[in-house]
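Visitor: Below is the file start09.cif, with mmCIF, C-alpha atoms.
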```cif
data_target
#
loop_
_atom_site.group_PDB
_atom_site.id
_atom_site.type_symbol
_atom_site.label_atom_id
_atom_site.label_comp_id
_atom_site.auth_asym_id
_atom_site.auth_seq_id
_atom_site.Cartn_x
_atom_site.Cartn_y
_atom_site.Cartn_z
ATOM 1 C CA MET A 190 0.000 0.000 0.000
ATOM 2 C CA ALA A 191 2.858 2.358 0.884
ATOM 3 C CA PHE A 192 4.438 1.583 -2.512
ATOM 4 C CA TRP A 193 1.355 2.722 -4.438
ATOM 5 C CA LYS A 194 1.014 5.752 -2.202
ATOM 6 C CA ASN A 195 4.622 6.761 -2.928
ATOM 7 C CA CYS A 196 4.080 6.198 -6.657
ATOM 8 C CA GLY A 197 1.018 8.397 -6.544
ATOM 9 C CA LEU A 198 2.903 11.167 -4.780
ATOM 10 C CA GLU A 199 5.753 10.961 -7.288
ATOM 11 C CA LEU A 200 3.322 11.141 -10.201
ATOM 12 C CA LEU A 201 1.598 14.117 -8.612
ATOM 13 C CA ALA A 202 4.935 15.882 -8.077
ATOM 14 C CA ALA A 203 5.973 15.187 -11.672
ATOM 15 C CA SER A 204 2.627 16.452 -12.949
ATOM 16 C CA LEU A 205 2.910 19.629 -10.903
ATOM 17 C CA ALA A 206 6.485 20.186 -12.121
ATOM 18 C CA LEU A 207 5.388 19.736 -15.751
ATOM 19 C CA THR A 208 2.444 22.081 -15.277
ATOM 20 C CA THR A 209 4.696 24.699 -13.703
ATOM 21 C CA PHE A 210 7.186 24.367 -16.582
ATOM 22 C CA VAL A 211 4.430 24.779 -19.182
ATOM 23 C CA LEU A 212 2.960 27.796 -17.377
ATOM 24 C CA ILE A 213 6.383 29.463 -17.141
ATOM 25 C CA ASN A 214 6.974 28.884 -20.866
ATOM 26 C CA LEU A 215 3.564 30.292 -21.737
ATOM 27 C CA ALA A 216 4.158 33.330 -19.532
ATOM 28 C CA GLU A 217 7.515 33.978 -21.197
ATOM 29 C CA ALA A 218 6.002 33.516 -24.653
ATOM 30 C CA ASN A 219 3.216 35.900 -23.707
ATOM 31 C CA SER A 220 5.797 38.491 -22.593
ATOM 32 C CA ASP A 221 7.316 38.229 -26.070
ATOM 33 C CA GLY A 222 3.854 38.808 -27.494
ATOM 34 C CA ASP A 223 3.409 41.886 -25.311
ATOM 35 C CA ALA A 224 6.703 43.315 -26.594
ATOM 36 C CA LEU A 225 5.745 42.715 -30.218
ATOM 37 C CA TYR A 226 2.275 44.123 -29.688
ATOM 38 C CA ALA A 227 3.883 47.297 -28.327
ATOM 39 C CA LEU A 228 5.735 47.491 -31.661
ATOM 40 C CA ARG A 229 2.471 47.049 -33.537
ATOM 41 C CA ARG A 230 0.867 49.904 -31.576
ATOM 42 C CA SER A 231 3.809 52.177 -32.417
ATOM 43 C CA LEU A 232 3.566 51.574 -36.176
ATOM 44 C CA ALA A 233 1.183 52.629 -38.928
ATOM 45 C CA ASP A 234 0.365 49.632 -41.116
ATOM 46 C CA PRO A 235 -1.628 50.648 -44.216
ATOM 47 C CA ASP A 236 -1.080 47.284 -45.940
ATOM 48 C CA ARG A 237 -2.277 45.340 -42.852
ATOM 49 C CA VAL A 238 0.786 43.112 -42.714
ATOM 50 C CA LEU A 239 0.365 42.968 -38.926
ATOM 51 C CA GLN A 240 -3.279 41.958 -39.060
ATOM 52 C CA SER A 241 -2.543 38.530 -37.543
ATOM 53 C CA TRP A 242 -0.823 40.062 -34.501
ATOM 54 C CA ASP A 243 -3.631 39.297 -32.035
ATOM 55 C CA GLN A 244 -2.799 40.135 -28.425
ATOM 56 C CA ASN A 245 -5.429 37.655 -27.190
ATOM 57 C CA LEU A 246 -3.519 34.618 -28.489
ATOM 58 C CA VAL A 247 -1.453 32.676 -25.949
ATOM 59 C CA THR A 248 1.791 33.070 -27.912
ATOM 60 C CA PRO A 249 2.866 35.174 -30.912
ATOM 61 C CA CYS A 250 4.271 32.114 -32.668
ATOM 62 C CA THR A 251 1.308 31.866 -35.064
ATOM 63 C CA TRP A 252 1.623 35.516 -36.125
ATOM 64 C CA PHE A 253 2.782 36.196 -39.661
ATOM 65 C CA HIS A 254 6.384 37.485 -39.985
ATOM 66 C CA VAL A 255 7.333 36.016 -36.562
ATOM 67 C CA THR A 256 9.477 32.901 -36.006
ATOM 68 C CA CYS A 257 9.791 31.059 -32.681
ATOM 69 C CA ASN A 258 12.032 28.322 -31.300
ATOM 70 C CA GLN A 259 10.826 25.028 -29.806
ATOM 71 C CA ASP A 260 10.161 26.784 -26.492
ATOM 72 C CA ASN A 261 7.805 29.284 -28.148
ATOM 73 C CA ARG A 262 10.252 32.162 -27.726
ATOM 74 C CA VAL A 263 10.519 34.687 -30.552
ATOM 75 C CA THR A 264 13.759 34.377 -32.551
ATOM 76 C CA ARG A 265 12.963 36.318 -35.763
ATOM 77 C CA VAL A 266 10.903 39.328 -36.769
ATOM 78 C CA ASP A 267 10.805 39.777 -40.558
ATOM 79 C CA LEU A 268 9.093 43.030 -41.540
ATOM 80 C CA GLY A 269 11.400 44.345 -44.231
ATOM 81 C CA ASN A 270 9.845 46.303 -47.111
ATOM 82 C CA SER A 271 6.391 46.292 -45.481
ATOM 83 C CA ASN A 272 5.355 49.941 -45.952
ATOM 84 C CA LEU A 273 5.427 50.567 -42.193
ATOM 85 C CA SER A 274 5.843 53.974 -40.568
ATOM 86 C CA GLY A 275 5.926 55.208 -36.990
ATOM 87 C CA HIS A 276 8.684 54.521 -34.486
ATOM 88 C CA LEU A 277 10.507 51.636 -32.823
ATOM 89 C CA ALA A 278 9.089 50.539 -29.469
ATOM 90 C CA PRO A 279 11.642 50.248 -26.621
ATOM 91 C CA GLU A 280 9.806 47.096 -25.512
ATOM 92 C CA LEU A 281 11.638 45.276 -28.318
ATOM 93 C CA GLY A 282 14.551 45.082 -25.899
ATOM 94 C CA LYS A 283 12.600 42.459 -23.907
ATOM 95 C CA LEU A 284 12.832 39.838 -26.679
ATOM 96 C CA GLU A 285 15.731 38.068 -25.022
ATOM 97 C CA HIS A 286 15.903 35.190 -27.539
ATOM 98 C CA LEU A 287 15.613 37.365 -30.649
ATOM 99 C CA GLN A 288 18.299 36.644 -33.251
ATOM 100 C CA TYR A 289 17.069 38.544 -36.323
ATOM 101 C CA LEU A 290 15.337 41.934 -36.352
ATOM 102 C CA GLU A 291 14.576 42.817 -39.966
ATOM 103 C CA LEU A 292 12.834 46.178 -40.403
ATOM 104 C CA TYR A 293 14.641 47.504 -43.482
ATOM 105 C CA LYS A 294 13.041 49.507 -46.333
ATOM 106 C CA ASN A 295 10.165 51.058 -44.415
ATOM 107 C CA ASN A 296 9.507 54.632 -43.319
ATOM 108 C CA ILE A 297 10.215 54.227 -39.610
ATOM 109 C CA GLN A 298 11.128 57.477 -37.874
ATOM 110 C CA GLY A 299 12.517 58.554 -34.520
ATOM 111 C CA THR A 300 15.535 57.184 -32.720
ATOM 112 C CA ILE A 301 16.973 53.704 -32.279
ATOM 113 C CA PRO A 302 15.974 52.640 -28.728
ATOM 114 C CA SER A 303 18.926 52.039 -26.435
ATOM 115 C CA GLU A 304 16.992 49.017 -25.119
ATOM 116 C CA LEU A 305 17.986 47.102 -28.260
ATOM 117 C CA GLY A 306 21.331 46.682 -26.507
ATOM 118 C CA ASN A 307 19.599 44.129 -24.254
ATOM 119 C CA LEU A 308 19.123 41.682 -27.154
ATOM 120 C CA LYS A 309 22.089 39.500 -26.231
ATOM 121 C CA SER A 310 21.165 36.765 -28.740
ATOM 122 C CA LEU A 311 20.892 39.133 -31.700
ATOM 123 C CA ILE A 312 22.785 38.132 -34.851
ATOM 124 C CA SER A 313 21.325 40.572 -37.383
ATOM 125 C CA LEU A 314 19.976 44.102 -36.933
ATOM 126 C CA ASP A 315 18.777 45.495 -40.261
ATOM 127 C CA LEU A 316 17.251 48.981 -40.044
ATOM 128 C CA TYR A 317 18.550 50.362 -43.337
ATOM 129 C CA ASN A 318 16.473 52.485 -45.718
ATOM 130 C CA ASN A 319 14.246 54.112 -43.117
ATOM 131 C CA ASN A 320 14.023 57.648 -41.760
ATOM 132 C CA LEU A 321 15.736 57.126 -38.399
ATOM 133 C CA THR A 322 17.337 60.075 -36.604
ATOM 134 C CA GLY A 323 19.483 60.620 -33.534
ATOM 135 C CA LYS A 324 22.638 58.797 -32.506
ATOM 136 C CA ILE A 325 23.658 55.170 -32.793
ATOM 137 C CA PRO A 326 23.169 53.863 -29.225
ATOM 138 C CA THR A 327 26.362 52.946 -27.427
ATOM 139 C CA SER A 328 24.418 50.052 -25.885
ATOM 140 C CA LEU A 329 24.634 48.180 -29.205
ATOM 141 C CA GLY A 330 28.196 47.387 -28.140
ATOM 142 C CA ASN A 331 26.649 44.871 -25.708
ATOM 143 C CA LEU A 332 25.510 42.670 -28.615
ATOM 144 C CA LYS A 333 28.408 40.228 -28.546
ATOM 145 C CA SER A 334 26.753 37.790 -30.997
ATOM 146 C CA LEU A 335 26.008 40.443 -33.619
ATOM 147 C CA VAL A 336 27.236 39.670 -37.144
ATOM 148 C CA PHE A 337 25.206 42.075 -39.316
ATOM 149 C CA LEU A 338 24.549 45.730 -38.399
ATOM 150 C CA ARG A 339 23.120 47.681 -41.317
ATOM 151 C CA LEU A 340 21.944 51.223 -40.579
ATOM 152 C CA ASN A 341 22.625 52.805 -43.951
ATOM 153 C CA ASP A 342 20.268 55.222 -45.713
ATOM 154 C CA ASN A 343 18.802 56.931 -42.656
ATOM 155 C CA ARG A 344 19.395 60.355 -41.075
ATOM 156 C CA LEU A 345 21.555 59.295 -38.132
ATOM 157 C CA THR A 346 23.901 61.820 -36.523
ATOM 158 C CA GLY A 347 26.764 61.787 -34.039
ATOM 159 C CA SER A 348 29.843 59.587 -34.044
ATOM 160 C CA ILE A 349 30.269 55.852 -34.536
ATOM 161 C CA PRO A 350 30.322 54.420 -30.992
ATOM 162 C CA ARG A 351 33.695 52.888 -30.154
ATOM 163 C CA GLN A 352 31.868 50.255 -28.114
ATOM 164 C CA LEU A 353 31.092 48.601 -31.468
ATOM 165 C CA THR A 354 34.781 47.818 -31.954
ATOM 166 C CA LYS A 355 34.472 45.341 -29.054
ATOM 167 C CA ILE A 356 32.032 43.066 -30.925
ATOM 168 C CA PRO A 357 34.272 40.208 -32.104
ATOM 169 C CA SER A 358 31.596 38.565 -34.270
ATOM 170 C CA LEU A 359 30.762 41.681 -36.327
ATOM 171 C CA LYS A 360 31.336 41.004 -40.041
ATOM 172 C CA VAL A 361 29.031 43.430 -41.885
ATOM 173 C CA PHE A 362 28.643 47.064 -40.807
ATOM 174 C CA ASP A 363 27.103 49.727 -43.050
ATOM 175 C CA VAL A 364 26.284 53.326 -42.091
ATOM 176 C CA SER A 365 26.570 54.917 -45.533
ATOM 177 C CA ASN A 366 24.175 57.724 -46.478
ATOM 178 C CA ASN A 367 23.624 59.249 -43.039
ATOM 179 C CA ASP A 368 24.888 62.428 -41.350
ATOM 180 C CA LEU A 369 27.520 60.939 -39.061
ATOM 181 C CA CYS A 370 30.602 62.827 -37.901
ATOM 182 C CA GLY A 371 33.932 62.117 -36.229
ATOM 183 C CA THR A 372 36.318 59.544 -37.666
ATOM 184 C CA ILE A 373 36.050 55.983 -38.903
ATOM 185 C CA PRO A 374 37.267 53.425 -36.339
ATOM 186 C CA ILE A 375 39.911 50.928 -37.395
ATOM 187 C CA GLU A 376 40.095 48.647 -34.372
ATOM 188 C CA GLY A 377 38.679 45.157 -33.945
ATOM 189 C CA PRO A 378 36.216 44.112 -36.655
ATOM 190 C CA PHE A 379 36.402 47.562 -38.296
ATOM 191 C CA GLU A 380 39.821 46.668 -39.661
ATOM 192 C CA HIS A 381 38.036 44.692 -42.385
ATOM 193 C CA ILE A 382 34.986 46.899 -43.051
ATOM 194 C CA PRO A 383 35.265 48.488 -46.555
ATOM 195 C CA LEU A 384 35.346 52.288 -46.691
ATOM 196 C CA GLU A 385 32.358 52.328 -49.048
ATOM 197 C CA ASN A 386 30.202 51.305 -46.073
ATOM 198 C CA PHE A 387 30.886 54.755 -44.586
ATOM 199 C CA GLU A 388 30.300 56.817 -47.755
ATOM 200 C CA ASN A 389 28.058 59.890 -48.043
ATOM 201 C CA ASN A 390 28.446 61.108 -44.472
ATOM 202 C CA SER A 391 29.704 64.600 -45.247
ATOM 203 C CA ARG A 392 31.058 65.231 -41.732
ATOM 204 C CA LEU A 393 32.683 61.822 -41.278
ATOM 205 C CA GLU A 394 36.480 61.730 -41.531
ATOM 206 C CA GLY A 395 38.820 58.851 -41.429
ATOM 207 C CA PRO A 396 40.153 56.398 -40.935
ATOM 208 C CA GLU A 397 41.332 57.715 -37.588
ATOM 209 C CA LEU A 398 44.997 57.893 -36.666
ATOM 210 C CA LEU A 399 45.216 56.313 -33.245
ATOM 211 C CA GLY A 400 46.886 58.399 -30.580
ATOM 212 C CA LEU A 401 47.100 61.565 -32.681
ATOM 213 C CA ALA A 402 43.630 63.070 -32.286
ATOM 214 C CA SER A 403 40.378 62.568 -30.445
ATOM 215 C CA TYR A 404 37.961 60.822 -32.782
ATOM 216 C CA ASP A 405 34.903 62.860 -31.734
ATOM 217 C CA THR A 406 36.276 66.398 -31.950
ATOM 218 C CA ASN A 407 33.453 68.826 -32.762
ATOM 219 C CA CYS A 408 31.112 65.907 -33.376
ATOM 220 C CA ASN A 409 27.532 65.908 -32.149
#
```
When written as structure tokens, how does the structure in this file appear?
Guide:
Amino acid sequence: MAFWKNCGLELLAASLALTTFVLINLAEANSDGDALYALRRSLADPDRVLQSWDQNLVTPCTWFHVTCNQDNRVTRVDLGNSNLSGHLAPELGKLEHLQYLELYKNNIQGTIPSELGNLKSLISLDLYNNNLTGKIPTSLGNLKSLVFLRLNDNRLTGSIPRQLTKIPSLKVFDVSNNDLCGTIPIEGPFEHIPLENFENNSRLEGPELLGLASYDTNCN
């Protein structure tokens, strides 16, 4: 009798553990959905590409243009060339498993949220061909898995943050056709970035000569 009682208790404990695990996963998936829905609220969507983004669904993994992993965590957002306008929601920084954020060729305005520096799993950040203004956040230097950072064809100002030279995985970096100033870094991954990826920034000088001048002189 004691044997069956112990088996029953073990089964109950296992069932409770599984239920707790499922509930935690659903809560985390729902937090991803909340972050993406904040993006939807911040954007104008005349072509209704975000029509499937229903906040009442348990997870965002059935939404169009969203990819999830086996744990129902968002890993990709693919909204390039979607005729979107508005601004980027800082809540995007809560998508802790996000690897690809593709928002190129839209008409998104405003600044790049510093919260994007929290996306520690990010591999690709493509915001090119928009209407973004302000400075490149220094927090993007925290993205140690980043390979692609394309910010070209916007209206960004200020200098290129030197924190980006500390990203060992960075292979593709393009800030051409902006209004950046200062000098072009040459350290770390920037040693291999072609100069054409810095073109058409009338106030940008470079490459910098290390130790001879401050890179951000008269740059704002």
Visitor: From the options A:Leu239, A:Leu321, A:Val364, A:Val263, which residue's atoms come nearest to His276 (chain A), counting only C-alpha atoms?
Guide: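 So, comparing all the options, the nearest one is A:Leu321.
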Visitor: Work out how far CA of Ile297 (chain A) is from CA of Pro374 (chain A), in Å to one decimal.
Guide: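 Atom-to-atom, CA of Pro374 (chain A) and CA of Ile297 (chain A) are spaced 27.3 Å apart.
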Visitor: Which of these residues is nearest to Asn331 (chain A), using all atoms listed in the file: A:Asp315, A:Cys250, A:Leu308, A:Thr346?
Guide: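 Answer, going by the shortest atom-to-atom distance: A:Leu308.
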Visitor: Applying the PyMOL selection byres ((chain A and resi 389) around 6) to the file I just gave you, which residues come out? Please list them as a list in words.
Guide: Ser365, Asn366, Glu388, Asn390 and Ser391 of chain A
Visitor: Restricting the output to C-alpha atoms, write the selected residues as a short mmCIF file (atom, residue, chain, number, x, y, z; two decimals), in the coordinates of the input.
Guide:
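Saved file result10.cif follows:
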```cif
data_model
loop_
_atom_site.label_atom_id
_atom_site.label_comp_id
_atom_site.auth_asym_id
_atom_site.auth_seq_id
_atom_site.Cartn_x
_atom_site.Cartn_y
_atom_site.Cartn_z
CA SER A 365 26.57 54.92 -45.53
CA ASN A 366 24.18 57.72 -46.48
CA GLU A 388 30.30 56.82 -47.76
CA ASN A 390 28.45 61.11 -44.47
CA SER A 391 29.70 64.60 -45.25
#
```
Visitor: Skip region 271-274 of chain A itself and residues of its chain fewer than 4 positions away, then list as a list of chain:residue names all residues within 6 Å of it, counting only C-alpha atoms.
Guide: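 Counting only C-alpha atoms, the residues come to A:Leu232, A:Ala233, A:Asp234, A:Asn295, A:Asn296, A:Ile297.
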Visitor: Give me the residues within 8 Å of Leu268 (chain A) as a list in words, counting all atoms listed in the file and dropping any in the same chain fewer than 5 places off.
Guide: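 Selected residues are His254, Glu291, Leu292 and Tyr293 of chain A.
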Visitor: I need every residue sitting at most 10 Å from the point (18.4, 38.2, -24.2) (coordinates as in the file, all atoms listed in the file considered), written as a list in words.
Guide: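 Within the cut-off we find Gly282, Lys283, Leu284, Glu285, His286, Leu287, Gln288, Leu305, Gly306, Asn307, Leu308, Lys309, Ser310, Leu311 and Leu332 of chain A.
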Visitor: Give me, please, the distance in Å between CA of Leu393 (chain A) and CA of Gln352 (chain A), quoted to one decimal.
Guide: 17.5 Å
Visitor: How far is it from CA of His381 (chain A) to CA of Leu335 (chain A), in Å with one decimal?
Guide: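 Here the two named atoms are 15.5 Å from each other.
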Visitor: Considering all atoms listed in the file, can you say which of A:Glu385, A:Asp223, A:Glu394, A:Asp243 comes closest to Cys370 (chain A)?
Guide: A:Glu394
Visitor: Show me, as a list in words, the residues that have an atom within 9 Å of Arg339 (chain A) when counting all atoms listed in the file, minus same-chain residues fewer than 4 positions from it.
Guide: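 Near Arg339 (chain A), the qualifying residues are Tyr293, Ser313, Leu314, Asp315, Leu316, Tyr317, Val361, Phe362, Asp363 and Val364 of chain A.
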Visitor: If you apply the PyMOL selection byres ((chain A and resi 241) around 9) to this file, what residues do you get, as a PyMOL selection string?
Guide: chain A and resi 237-240+242-243+251-253
Visitor: Those same residues - C-alpha atoms - I'd like them written as a PDB file, in the frame of the given file.
Guide:
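Result saved to out-v6.pdb:
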```pdb
ATOM      1  CA  ARG A 237      -2.277  45.340 -42.852  1.00  0.00           C
ATOM      2  CA  VAL A 238       0.786  43.112 -42.714  1.00  0.00           C
ATOM      3  CA  LEU A 239       0.365  42.968 -38.926  1.00  0.00           C
ATOM      4  CA  GLN A 240      -3.279  41.958 -39.060  1.00  0.00           C
ATOM      5  CA  TRP A 242      -0.823  40.062 -34.501  1.00  0.00           C
ATOM      6  CA  ASP A 243      -3.631  39.297 -32.035  1.00  0.00           C
ATOM      7  CA  THR A 251       1.308  31.866 -35.064  1.00  0.00           C
ATOM      8  CA  TRP A 252       1.623  35.516 -36.125  1.00  0.00           C
ATOM      9  CA  PHE A 253       2.782  36.196 -39.661  1.00  0.00           C
TER      10      PHE A 253
END
```
Visitor: Nearest to Asn320 (chain A): which of A:Asn343, A:Ser303, A:Ser334, A:Ser231 is it, counting all atoms listed in the file?
Guide: A:Asn343
Visitor: Could I get region 360-385 of chain A rebuilt with N, CA and C atoms, written as an mmCIF file, in the frame of the given file?
Guide:
```cif
data_model
loop_
_atom_site.group_PDB
_atom_site.id
_atom_site.type_symbol
_atom_site.label_atom_id
_atom_site.label_comp_id
_atom_site.auth_asym_id
_atom_site.auth_seq_id
_atom_site.Cartn_x
_atom_site.Cartn_y
_atom_site.Cartn_z
ATOM 1 N N LYS A 360 30.752 41.203 -38.715
ATOM 2 C CA LYS A 360 31.336 41.004 -40.041
ATOM 3 C C LYS A 360 30.866 42.055 -41.043
ATOM 4 N N VAL A 361 29.614 42.478 -40.936
ATOM 5 C CA VAL A 361 29.031 43.430 -41.885
ATOM 6 C C VAL A 361 28.514 44.637 -41.110
ATOM 7 N N PHE A 362 29.037 45.812 -41.460
ATOM 8 C CA PHE A 362 28.643 47.064 -40.807
ATOM 9 C C PHE A 362 28.507 48.109 -41.892
ATOM 10 N N ASP A 363 27.333 48.740 -41.996
ATOM 11 C CA ASP A 363 27.103 49.727 -43.050
ATOM 12 C C ASP A 363 26.325 50.907 -42.472
ATOM 13 N N VAL A 364 26.945 52.092 -42.537
ATOM 14 C CA VAL A 364 26.284 53.326 -42.091
ATOM 15 C C VAL A 364 26.328 54.382 -43.195
ATOM 16 N N SER A 365 26.511 53.956 -44.429
ATOM 17 C CA SER A 365 26.570 54.917 -45.533
ATOM 18 C C SER A 365 25.257 55.681 -45.666
ATOM 19 N N ASN A 366 25.346 56.885 -46.221
ATOM 20 C CA ASN A 366 24.175 57.724 -46.478
ATOM 21 C C ASN A 366 23.428 58.093 -45.188
ATOM 22 N N ASN A 367 24.181 58.671 -44.252
ATOM 23 C CA ASN A 367 23.624 59.249 -43.039
ATOM 24 C C ASN A 367 24.241 60.632 -42.855
ATOM 25 N N ASP A 368 24.263 61.137 -41.640
ATOM 26 C CA ASP A 368 24.888 62.428 -41.350
ATOM 27 C C ASP A 368 25.822 62.287 -40.158
ATOM 28 N N LEU A 369 26.611 61.218 -40.169
ATOM 29 C CA LEU A 369 27.520 60.939 -39.061
ATOM 30 C C LEU A 369 28.744 61.846 -39.127
ATOM 31 N N CYS A 370 29.410 61.984 -37.983
ATOM 32 C CA CYS A 370 30.602 62.827 -37.901
ATOM 33 C C CYS A 370 31.686 62.095 -37.120
ATOM 34 N N GLY A 371 32.807 62.763 -36.900
ATOM 35 C CA GLY A 371 33.932 62.117 -36.229
ATOM 36 C C GLY A 371 34.787 61.376 -37.236
ATOM 37 N N THR A 372 35.443 60.318 -36.794
ATOM 38 C CA THR A 372 36.318 59.544 -37.666
ATOM 39 C C THR A 372 35.882 58.080 -37.716
ATOM 40 N N ILE A 373 36.383 57.388 -38.710
ATOM 41 C CA ILE A 373 36.050 55.983 -38.903
ATOM 42 C C ILE A 373 36.970 55.125 -38.030
ATOM 43 N N PRO A 374 36.411 54.270 -37.177
ATOM 44 C CA PRO A 374 37.267 53.425 -36.339
ATOM 45 C C PRO A 374 37.994 52.375 -37.168
ATOM 46 N N ILE A 375 39.121 51.935 -36.669
ATOM 47 C CA ILE A 375 39.911 50.928 -37.395
ATOM 48 C C ILE A 375 40.254 49.730 -36.510
ATOM 49 N N GLU A 376 39.757 49.717 -35.300
ATOM 50 C CA GLU A 376 40.095 48.647 -34.372
ATOM 51 C C GLU A 376 39.125 47.483 -34.493
ATOM 52 N N GLY A 377 39.552 46.332 -34.004
ATOM 53 C CA GLY A 377 38.679 45.157 -33.945
ATOM 54 C C GLY A 377 38.119 44.799 -35.310
ATOM 55 N N PRO A 378 36.821 44.530 -35.389
ATOM 56 C CA PRO A 378 36.216 44.112 -36.655
ATOM 57 C C PRO A 378 36.237 45.197 -37.722
ATOM 58 N N PHE A 379 36.420 46.458 -37.330
ATOM 59 C CA PHE A 379 36.402 47.562 -38.296
ATOM 60 C C PHE A 379 37.641 47.559 -39.190
ATOM 61 N N GLU A 380 38.628 46.786 -38.826
ATOM 62 C CA GLU A 380 39.821 46.668 -39.661
ATOM 63 C C GLU A 380 39.481 46.131 -41.049
ATOM 64 N N HIS A 381 38.378 45.364 -41.135
ATOM 65 C CA HIS A 381 38.036 44.692 -42.385
ATOM 66 C C HIS A 381 36.759 45.227 -43.025
ATOM 67 N N ILE A 382 36.197 46.317 -42.471
ATOM 68 C CA ILE A 382 34.986 46.899 -43.051
ATOM 69 C C ILE A 382 35.389 47.824 -44.198
ATOM 70 N N PRO A 383 34.854 47.634 -45.416
ATOM 71 C CA PRO A 383 35.265 48.488 -46.555
ATOM 72 C C PRO A 383 34.821 49.934 -46.364
ATOM 73 N N LEU A 384 35.629 50.866 -46.857
ATOM 74 C CA LEU A 384 35.346 52.288 -46.691
ATOM 75 C C LEU A 384 34.043 52.702 -47.358
ATOM 76 N N GLU A 385 33.615 51.974 -48.375
ATOM 77 C CA GLU A 385 32.358 52.328 -49.048
ATOM 78 C C GLU A 385 31.163 52.204 -48.117
#
```
